[in-house]
Amino acid sequence: MAQLKSMVISGLLMASLSLFAQDLPSNSVIKTTDLYSHLKAEIKNQIPNSEAALAAYYRKAFAERFYYDWHTVPERFELYANSFPEAEANHLERANDHMTKFKSSSAWLLPFNYQNGGKVDAYALRHLARQHKMVDIAFTYFYNNKDPKYIRYFTDQMQSLNAALDNNAYETIKNGNGVYEAFRSGYRILNWLEIHNLFLGEKAYTDKDQLNTIATLLQHAENLYETNATFTDGNHQTRGMSALAMLAILLRDFEGTDKWYERAMTRLNEHLSKEINPDGFQFERSVHYHMSDIETYYFVYQLAKISNITIDKSVEDKLKSLFTSLAKISYPDKSAPVLQDDTNEPWAEKNTISGTMSLGYVLYEDPTVGYFAQDLIDSNMYWFLNKQQLESLKQIEKKKPAFESVTLPETAYYIMREGWNKNDKMMIISNGVDDLKPDHQHGDILGIQAVANGQVILPNYQVRYSLTDFDFFKNSMVKNVALVDNELQGKEWTSNEGGSGFGKFKKLPLPTTISWESNPQFDLFVGSHDGFENVGVKYSRQVIYLKDDLWIVKDNFYSKEKHTYKQVWQGHYTEDLKPNLIRSNFSDATGLDIYQLTTVDKNEKSGTRGKEWTVVSKENMSEFSFITILHPYSNFDKRINEETKTPEIAGWKQNILPFQATGDQLKSLSKGGKSFLFNVKTLTIAANNIQFNEPTDVAIDINGSQITLFNLSEKAASTIVVSKATVMQDGKRVRTNTILKPGNKLVITSK
């Protein structure tokens with residue numbers, strides 16, 4: 001009987017404990033008076049059961065756990081206003097825009113109208129859900145003499161969402177515009193945390209307000225926990241899990257937060273493992289999303305450091321690789337190319353990365369990362385760094401990167417680089433499509449971008465999802481690619497679920513990298529894609545960088561039927577030697593000559609949104625190869641002389657060789673002991689005879705008694721060498737016959 005009585009009492013005790021330590025609800029926001037009951041037992045022992053005590057406890061907690069101590073907001077805001085004087089007008093404009101459009105007690109379910117009567121579309125609703133401009137409203141509070149109406153607007157709009165949750169009157173994930181979808185919810189949490197910390201020292205932000213915010217954040221976290229039990233690829237879940245981890249750290253005194261942290265870190269580690277390629281670049285291949293991922297992981301990493309939570313070294317190494325890979329693709333002026341869905345500045349031809357690299361320097365104090373950094377963090381990240389971190393940017397140690405031409409092999413970006421002086425040449429070749437989530441991929445497979453003499457000579461353009469021609473700017477007519485007939489690479493365009501403006505191609509070409517070779521004389525890239533096989537055309541592209549003079553681009557088309565073959569070149573061009581030379585000249589009199597070694601038929605200029613491009617065409621051909629010289633020049637005297645029939649190009653002579661060569665449609669460039677030949681069939685160099693089974697592209701370097709021959713083609717070459725000299729391939733002696741793969745070489749040394 002005594003044992004039974006003990007069991008009953010124990011059962012009642014457990015039931016009582018479970019009643020007061022039950023999981024936080026995900027479908028409603030608990031009352032502020034009930035928050036205390038959800039605290040961990042050890043915290044309940046430290047503070048009395050009152051709203052005032054709990055609010056005071058969490059003011060102290062945020063001062064210790066957040067990125068900076070909220071007590072320093074007055075001096076931090078003064079420094080912010082002085083450091084970013086242009087920010088005030090931007091904050092005020094954005095705040096006014098939001099408050100004019102949306103009531104403080106907003107609707108959260110379409111359809112509904114702006115306050116001026118206009119219709120709120122899906123795109124606008126998604127940005128309302130992220131609460132981006134609520135941060136601007138918080139700053140407006142400080143700019144406008146701390147008028148409490150801005151705090152009330154924030155708290156009222158938050159409560160309107162909570163009311164919508166209670167009344168089931170909000171957009172759900174089913175229709176594509178879910179207010180509690182991981183990305184939108186995660187961004188909203190981040191923005192609200194920033195605002196909450198800014199307001200903690202303000203009398204108008206009462207104890208009740210503070211606890212309402214905490215209660216709302218607890219509901220958001222539980223919802224994120226429940227709806228992210230499994231991995232989902234892409235930055236949407238990553239943003240949500242970053243926010244969940246942040247709340248688990250900041251609000252760790254509540255029951256259930258341990259499981260939040262475990263789930264968030266499990267998901268984030270999965271994303272790091274699966275979505276940060278071994279070469280260090282984010283799998284969606286966009287600079288914009290790459291930098292967004294850096295911030296996403298930083299938010300968690302930094303809060304964990306502040307609270308002395310151990311982070312695996314593998315996570316630290318992955319995070320650092322994000323900065324290293326960004327350095328590898330950078331232009332000599334420390335900006336970055338526009339790659340895939342880069343969206344910050346529509347139609348811009350570069351990406352600013354200095355703020356992101358400043359964040360990397362703060363974390364690692366690596367001088368190579370510091371080379372790209374600036375002495376002040378970007379304004380949007382200012383409020384997530386402590387005083388010591390900000391101070392570290394005043395004395396940045398800078399060191400030029402040691403790397404020149406490099407590749408990110410898994411992401412499939414290939415960089416041909418002269419150096420790091422501001423006028424140096426650099427080209428990036430894109431030959432990848434992520435097989436899991438190509439949503440942010442453009443129709444730019446085998447596309448190129450280049451800079452020289454401080455100018456973007458072959459640009460790509462940033463985009464904006466809400467623009468009506470977004471799909472056009474995402475496709476191949478605004479890339480430096482080759483095309484067939486009227487075929488574009490991106491096919492079967494579909495808008496995003498929910499109709500927000502974002503969209504993607506259901507079908508993109510499958511790329512293949514055939515060869516990459518980098519040596520002191522030249523860089524070689526060879527690749528192909530299957531994007532034109534639907535019309536019976538096989539295609540490949542060779543890019544050769546003749547250091548440090550020019551590039552050769554060879555586009556190869558093979559078909560049984562006749563087609564029109566095209567190259568698209570971005571920029572403002574004139575025809576200076578019809579039809580084989582087009583020229584773009586910049587405001588400082590530097591320029592780019594695009595010169596065809598094989599005769600083309602016509603050039604057609606097009607443009608939109610202030611951007612132009614020229615399409616070079618060869619018509620009615622079954623097989624054809626463009627052999628194109630890209631020659632950046634620094635002044636008038638160094639241009640290709642359009643008045644000469646067969647001009648020299650940066651000192652390279654056309655079709656004049658110091659040895660014998662044969663082949664139908666043979667073309668060549670030679671300078672000193674170096675030669676580049678296209679469509680060559682036989683070579684006779686001194687007493688050495690070399691024959692190929694079919695026309696082949698080769699590089700020849702004659703240095704005294706040694707001849708080095710590289711295969712530049714997209715195909716392996718069956719080669720016969722007749723020579724009394726020593727012929728070596730891959731460290732082995734070649735007798736007569738050999739197969740020379742793309743990028744491979746023969747070395748012939750006379751005794």
# chains A, B, ... in the order shown; residues from 1 in each chain; ligands from 1

call {"tool": "residues_around", "arguments": {"residues": "Tyr331 in chain A", "least_positions_apart": "2", "cutoff": "12 Å", "atoms": "only C-alpha atoms", "output": "PDB file with N, CA, C and O atoms, in the first residue's frame"}}
result
ATOM      1  N   LEU A 326      35.742  33.548 -52.207  1.00  0.00           N
ATOM      2  CA  LEU A 326      35.302  34.846 -52.706  1.00  0.00           C
ATOM      3  C   LEU A 326      36.506  35.659 -53.189  1.00  0.00           C
ATOM      4  O   LEU A 326      36.429  36.369 -54.198  1.00  0.00           O
ATOM      5  N   ALA A 327      37.615  35.533 -52.483  1.00  0.00           N
ATOM      6  CA  ALA A 327      38.840  36.207 -52.922  1.00  0.00           C
ATOM      7  C   ALA A 327      39.317  35.653 -54.260  1.00  0.00           C
ATOM      8  O   ALA A 327      39.786  36.402 -55.128  1.00  0.00           O
ATOM      9  N   LYS A 328      39.175  34.363 -54.458  1.00  0.00           N
ATOM     10  CA  LYS A 328      39.691  33.733 -55.676  1.00  0.00           C
ATOM     11  C   LYS A 328      38.980  34.219 -56.938  1.00  0.00           C
ATOM     12  O   LYS A 328      39.579  34.299 -58.004  1.00  0.00           O
ATOM     13  N   ILE A 329      37.696  34.545 -56.830  1.00  0.00           N
ATOM     14  CA  ILE A 329      36.966  34.974 -58.024  1.00  0.00           C
ATOM     15  C   ILE A 329      36.995  36.484 -58.219  1.00  0.00           C
ATOM     16  O   ILE A 329      36.425  36.998 -59.182  1.00  0.00           O
ATOM     17  N   ASP A 333      40.278  45.040 -58.911  1.00  0.00           N
ATOM     18  CA  ASP A 333      39.895  46.220 -58.128  1.00  0.00           C
ATOM     19  C   ASP A 333      39.175  45.854 -56.832  1.00  0.00           C
ATOM     20  O   ASP A 333      38.602  46.700 -56.165  1.00  0.00           O
ATOM     21  N   LYS A 334      39.187  44.548 -56.494  1.00  0.00           N
ATOM     22  CA  LYS A 334      38.634  44.023 -55.237  1.00  0.00           C
ATOM     23  C   LYS A 334      37.113  43.913 -55.246  1.00  0.00           C
ATOM     24  O   LYS A 334      36.504  43.656 -54.199  1.00  0.00           O
ATOM     25  N   SER A 335      36.483  44.115 -56.385  1.00  0.00           N
ATOM     26  CA  SER A 335      35.066  43.796 -56.535  1.00  0.00           C
ATOM     27  C   SER A 335      34.959  42.367 -57.038  1.00  0.00           C
ATOM     28  O   SER A 335      35.966  41.671 -57.189  1.00  0.00           O
ATOM     29  N   ALA A 336      33.743  41.907 -57.318  1.00  0.00           N
ATOM     30  CA  ALA A 336      33.550  40.543 -57.804  1.00  0.00           C
ATOM     31  C   ALA A 336      32.653  40.552 -59.029  1.00  0.00           C
ATOM     32  O   ALA A 336      31.856  41.480 -59.226  1.00  0.00           O
ATOM     33  N   PRO A 337      32.747  39.521 -59.869  1.00  0.00           N
ATOM     34  CA  PRO A 337      31.869  39.441 -61.037  1.00  0.00           C
ATOM     35  C   PRO A 337      30.412  39.274 -60.631  1.00  0.00           C
ATOM     36  O   PRO A 337      30.097  38.923 -59.486  1.00  0.00           O
ATOM     37  N   VAL A 338      29.526  39.513 -61.567  1.00  0.00           N
ATOM     38  CA  VAL A 338      28.103  39.235 -61.386  1.00  0.00           C
ATOM     39  C   VAL A 338      27.858  37.795 -61.833  1.00  0.00           C
ATOM     40  O   VAL A 338      28.134  37.444 -62.979  1.00  0.00           O
ATOM     41  N   GLU A 349      27.297  45.859 -63.027  1.00  0.00           N
ATOM     42  CA  GLU A 349      28.205  44.923 -63.689  1.00  0.00           C
ATOM     43  C   GLU A 349      29.273  44.376 -62.752  1.00  0.00           C
ATOM     44  O   GLU A 349      30.152  43.635 -63.178  1.00  0.00           O
ATOM     45  N   LYS A 350      29.200  44.749 -61.480  1.00  0.00           N
ATOM     46  CA  LYS A 350      30.126  44.239 -60.468  1.00  0.00           C
ATOM     47  C   LYS A 350      29.353  43.992 -59.181  1.00  0.00           C
ATOM     48  O   LYS A 350      28.229  44.462 -59.008  1.00  0.00           O
ATOM     49  N   ASN A 351      29.982  43.273 -58.270  1.00  0.00           N
ATOM     50  CA  ASN A 351      29.479  43.098 -56.917  1.00  0.00           C
ATOM     51  C   ASN A 351      30.466  43.708 -55.929  1.00  0.00           C
ATOM     52  O   ASN A 351      31.678  43.457 -56.012  1.00  0.00           O
ATOM     53  N   THR A 352      29.970  44.502 -55.006  1.00  0.00           N
ATOM     54  CA  THR A 352      30.799  45.023 -53.926  1.00  0.00           C
ATOM     55  C   THR A 352      30.905  43.967 -52.835  1.00  0.00           C
ATOM     56  O   THR A 352      29.892  43.489 -52.325  1.00  0.00           O
ATOM     57  N   ILE A 353      32.120  43.592 -52.482  1.00  0.00           N
ATOM     58  CA  ILE A 353      32.318  42.525 -51.491  1.00  0.00           C
ATOM     59  C   ILE A 353      33.133  42.996 -50.288  1.00  0.00           C
ATOM     60  O   ILE A 353      33.388  42.210 -49.374  1.00  0.00           O
ATOM     61  N   SER A 354      33.515  44.263 -50.262  1.00  0.00           N
ATOM     62  CA  SER A 354      34.417  44.737 -49.208  1.00  0.00           C
ATOM     63  C   SER A 354      33.820  44.573 -47.814  1.00  0.00           C
ATOM     64  O   SER A 354      34.526  44.222 -46.861  1.00  0.00           O
ATOM     65  N   PHE A 372      40.951  42.750 -49.129  1.00  0.00           N
ATOM     66  CA  PHE A 372      39.682  43.140 -49.745  1.00  0.00           C
ATOM     67  C   PHE A 372      38.783  43.924 -48.788  1.00  0.00           C
ATOM     68  O   PHE A 372      37.711  44.378 -49.182  1.00  0.00           O
ATOM     69  N   PRO A 401      46.844  38.675 -52.509  1.00  0.00           N
ATOM     70  CA  PRO A 401      46.785  37.218 -52.626  1.00  0.00           C
ATOM     71  C   PRO A 401      47.950  36.676 -53.443  1.00  0.00           C
ATOM     72  O   PRO A 401      48.435  37.323 -54.381  1.00  0.00           O
ATOM     73  N   GLU A 404      47.095  33.420 -58.670  1.00  0.00           N
ATOM     74  CA  GLU A 404      46.741  34.135 -59.898  1.00  0.00           C
ATOM     75  C   GLU A 404      45.631  33.352 -60.600  1.00  0.00           C
ATOM     76  O   GLU A 404      44.490  33.404 -60.187  1.00  0.00           O
ATOM     77  N   SER A 405      45.962  32.613 -61.649  1.00  0.00           N
ATOM     78  CA  SER A 405      44.926  31.812 -62.312  1.00  0.00           C
ATOM     79  C   SER A 405      44.584  30.611 -61.437  1.00  0.00           C
ATOM     80  O   SER A 405      45.467  29.863 -61.013  1.00  0.00           O
ATOM     81  N   ILE A 415      39.219  30.820 -63.441  1.00  0.00           N
ATOM     82  CA  ILE A 415      39.684  32.205 -63.421  1.00  0.00           C
ATOM     83  C   ILE A 415      41.057  32.298 -64.067  1.00  0.00           C
ATOM     84  O   ILE A 415      42.008  31.632 -63.638  1.00  0.00           O
ATOM     85  N   MET A 416      41.152  33.127 -65.113  1.00  0.00           N
ATOM     86  CA  MET A 416      42.414  33.410 -65.781  1.00  0.00           C
ATOM     87  C   MET A 416      42.836  34.823 -65.376  1.00  0.00           C
ATOM     88  O   MET A 416      42.139  35.781 -65.670  1.00  0.00           O
ATOM     89  N   ARG A 417      43.994  34.922 -64.712  1.00  0.00           N
ATOM     90  CA  ARG A 417      44.342  36.189 -64.059  1.00  0.00           C
ATOM     91  C   ARG A 417      45.765  36.618 -64.387  1.00  0.00           C
ATOM     92  O   ARG A 417      46.700  35.816 -64.323  1.00  0.00           O
ATOM     93  N   GLU A 418      45.921  37.891 -64.726  1.00  0.00           N
ATOM     94  CA  GLU A 418      47.249  38.469 -64.921  1.00  0.00           C
ATOM     95  C   GLU A 418      47.919  38.767 -63.592  1.00  0.00           C
ATOM     96  O   GLU A 418      49.096  38.485 -63.392  1.00  0.00           O
ATOM     97  N   GLY A 419      47.200  39.379 -62.674  1.00  0.00           N
ATOM     98  CA  GLY A 419      47.755  39.744 -61.375  1.00  0.00           C
ATOM     99  C   GLY A 419      46.765  40.575 -60.596  1.00  0.00           C
ATOM    100  O   GLY A 419      45.560  40.556 -60.868  1.00  0.00           O
ATOM    101  N   TRP A 420      47.271  41.342 -59.614  1.00  0.00           N
ATOM    102  CA  TRP A 420      46.400  42.076 -58.705  1.00  0.00           C
ATOM    103  C   TRP A 420      46.567  43.588 -58.793  1.00  0.00           C
ATOM    104  O   TRP A 420      46.024  44.313 -57.967  1.00  0.00           O
ATOM    105  N   ASN A 421      47.312  44.074 -59.788  1.00  0.00           N
ATOM    106  CA  ASN A 421      47.337  45.513 -60.021  1.00  0.00           C
ATOM    107  C   ASN A 421      46.019  45.944 -60.644  1.00  0.00           C
ATOM    108  O   ASN A 421      45.382  45.175 -61.381  1.00  0.00           O
ATOM    109  N   LYS A 422      45.603  47.170 -60.401  1.00  0.00           N
ATOM    110  CA  LYS A 422      44.243  47.586 -60.740  1.00  0.00           C
ATOM    111  C   LYS A 422      43.938  47.494 -62.231  1.00  0.00           C
ATOM    112  O   LYS A 422      42.778  47.323 -62.624  1.00  0.00           O
ATOM    113  N   ASN A 423      44.943  47.601 -63.089  1.00  0.00           N
ATOM    114  CA  ASN A 423      44.717  47.539 -64.535  1.00  0.00           C
ATOM    115  C   ASN A 423      44.946  46.156 -65.132  1.00  0.00           C
ATOM    116  O   ASN A 423      44.872  45.981 -66.346  1.00  0.00           O
ATOM    117  N   ASP A 424      45.220  45.172 -64.286  1.00  0.00           N
ATOM    118  CA  ASP A 424      45.499  43.832 -64.788  1.00  0.00           C
ATOM    119  C   ASP A 424      44.256  43.175 -65.383  1.00  0.00           C
ATOM    120  O   ASP A 424      43.122  43.545 -65.071  1.00  0.00           O
ATOM    121  N   LYS A 425      44.510  42.191 -66.219  1.00  0.00           N
ATOM    122  CA  LYS A 425      43.437  41.456 -66.881  1.00  0.00           C
ATOM    123  C   LYS A 425      42.958  40.304 -66.006  1.00  0.00           C
ATOM    124  O   LYS A 425      43.730  39.711 -65.250  1.00  0.00           O
ATOM    125  N   MET A 426      41.690  39.982 -66.133  1.00  0.00           N
ATOM    126  CA  MET A 426      41.128  38.823 -65.459  1.00  0.00           C
ATOM    127  C   MET A 426      39.881  38.382 -66.205  1.00  0.00           C
ATOM    128  O   MET A 426      39.093  39.217 -66.656  1.00  0.00           O
ATOM    129  N   MET A 427      39.717  37.078 -66.354  1.00  0.00           N
ATOM    130  CA  MET A 427      38.516  36.511 -66.968  1.00  0.00           C
ATOM    131  C   MET A 427      38.002  35.380 -66.087  1.00  0.00           C
ATOM    132  O   MET A 427      38.782  34.627 -65.500  1.00  0.00           O
ATOM    133  N   ILE A 428      36.685  35.277 -65.982  1.00  0.00           N
ATOM    134  CA  ILE A 428      36.072  34.148 -65.294  1.00  0.00           C
ATOM    135  C   ILE A 428      35.146  33.425 -66.261  1.00  0.00           C
ATOM    136  O   ILE A 428      34.385  34.051 -67.001  1.00  0.00           O
ATOM    137  N   GLN A 449      33.159  36.430 -68.420  1.00  0.00           N
ATOM    138  CA  GLN A 449      33.206  37.838 -68.059  1.00  0.00           C
ATOM    139  C   GLN A 449      34.671  38.220 -67.929  1.00  0.00           C
ATOM    140  O   GLN A 449      35.507  37.386 -67.573  1.00  0.00           O
ATOM    141  N   ALA A 450      34.986  39.484 -68.214  1.00  0.00           N
ATOM    142  CA  ALA A 450      36.390  39.886 -68.170  1.00  0.00           C
ATOM    143  C   ALA A 450      36.536  41.354 -67.809  1.00  0.00           C
ATOM    144  O   ALA A 450      35.649  42.173 -68.090  1.00  0.00           O
ATOM    145  N   VAL A 451      37.676  41.659 -67.186  1.00  0.00           N
ATOM    146  CA  VAL A 451      38.069  43.040 -66.909  1.00  0.00           C
ATOM    147  C   VAL A 451      39.482  43.261 -67.434  1.00  0.00           C
ATOM    148  O   VAL A 451      40.283  42.324 -67.544  1.00  0.00           O
ATOM    149  N   ALA A 452      39.781  44.503 -67.759  1.00  0.00           N
ATOM    150  CA  ALA A 452      41.124  44.906 -68.168  1.00  0.00           C
ATOM    151  C   ALA A 452      41.211  46.421 -68.082  1.00  0.00           C
ATOM    152  O   ALA A 452      40.213  47.122 -68.319  1.00  0.00           O
ATOM    153  N   ASN A 453      42.354  46.930 -67.726  1.00  0.00           N
ATOM    154  CA  ASN A 453      42.577  48.381 -67.645  1.00  0.00           C
ATOM    155  C   ASN A 453      41.547  49.080 -66.758  1.00  0.00           C
ATOM    156  O   ASN A 453      41.142  50.211 -67.018  1.00  0.00           O
ATOM    157  N   GLY A 454      41.115  48.375 -65.719  1.00  0.00           N
ATOM    158  CA  GLY A 454      40.174  48.955 -64.774  1.00  0.00           C
ATOM    159  C   GLY A 454      38.740  49.006 -65.247  1.00  0.00           C
ATOM    160  O   GLY A 454      37.878  49.579 -64.572  1.00  0.00           O
ATOM    161  N   GLN A 455      38.432  48.403 -66.409  1.00  0.00           N
ATOM    162  CA  GLN A 455      37.078  48.413 -66.977  1.00  0.00           C
ATOM    163  C   GLN A 455      36.519  46.983 -67.049  1.00  0.00           C
ATOM    164  O   GLN A 455      37.273  46.033 -67.265  1.00  0.00           O
ATOM    165  N   VAL A 456      35.207  46.869 -66.870  1.00  0.00           N
ATOM    166  CA  VAL A 456      34.554  45.596 -67.151  1.00  0.00           C
ATOM    167  C   VAL A 456      34.347  45.533 -68.656  1.00  0.00           C
ATOM    168  O   VAL A 456      33.471  46.200 -69.205  1.00  0.00           O
ATOM    169  N   ILE A 457      35.182  44.781 -69.350  1.00  0.00           N
ATOM    170  CA  ILE A 457      35.146  44.779 -70.813  1.00  0.00           C
ATOM    171  C   ILE A 457      34.130  43.783 -71.366  1.00  0.00           C
ATOM    172  O   ILE A 457      33.615  43.958 -72.469  1.00  0.00           O
TER     173      ILE A 457
END

call {"tool": "residues_around", "arguments": {"residues": "Glu64 in chain A", "least_positions_apart": "3", "cutoff": "12 Å", "atoms": "only C-alpha atoms", "output": "PyMOL selection string"}}
result
chain A and resi 57-61+67-71+197+249-251+303+305-308+386

call {"tool": "residues_around", "arguments": {"residues": "Ser528 in chain A", "least_positions_apart": "3", "cutoff": "8 Å", "atoms": "only C-alpha atoms", "output": "ChimeraX atom specification"}}
result
/A:446,511-514,539-541

call {"tool": "atom_distance", "arguments": {"atom1": "CA of Ala699 in chain A", "atom2": "CA of Phe676 in chain A"}}
result
4.5 Å

call {"tool": "closest_residue", "arguments": {"among": "A:Asn603, A:Ser675, A:Thr232, A:Gln159", "to": "Leu657 in chain A", "atoms": "only C-alpha atoms"}}
result
A:Ser675

call {"tool": "decode", "arguments": {"residues": "range 397-409 of chain A", "atoms": "C-alpha atoms", "output": "PDB file, in the first residue's frame"}}
result
ATOM      1  CA  GLU A 397      46.777  44.141 -42.189  1.00  0.00           C
ATOM      2  CA  LYS A 398      46.595  43.767 -45.969  1.00  0.00           C
ATOM      3  CA  LYS A 399      48.460  41.308 -48.167  1.00  0.00           C
ATOM      4  CA  LYS A 400      47.950  40.760 -51.894  1.00  0.00           C
ATOM      5  CA  PRO A 401      46.785  37.218 -52.626  1.00  0.00           C
ATOM      6  CA  ALA A 402      49.495  34.848 -53.818  1.00  0.00           C
ATOM      7  CA  PHE A 403      47.233  33.057 -56.297  1.00  0.00           C
ATOM      8  CA  GLU A 404      46.741  34.135 -59.898  1.00  0.00           C
ATOM      9  CA  SER A 405      44.926  31.812 -62.312  1.00  0.00           C
ATOM     10  CA  VAL A 406      42.850  29.379 -60.246  1.00  0.00           C
ATOM     11  CA  THR A 407      39.795  27.181 -60.468  1.00  0.00           C
ATOM     12  CA  LEU A 408      36.885  26.359 -58.206  1.00  0.00           C
ATOM     13  CA  PRO A 409      36.424  22.877 -59.692  1.00  0.00           C
TER      14      PRO A 409
END
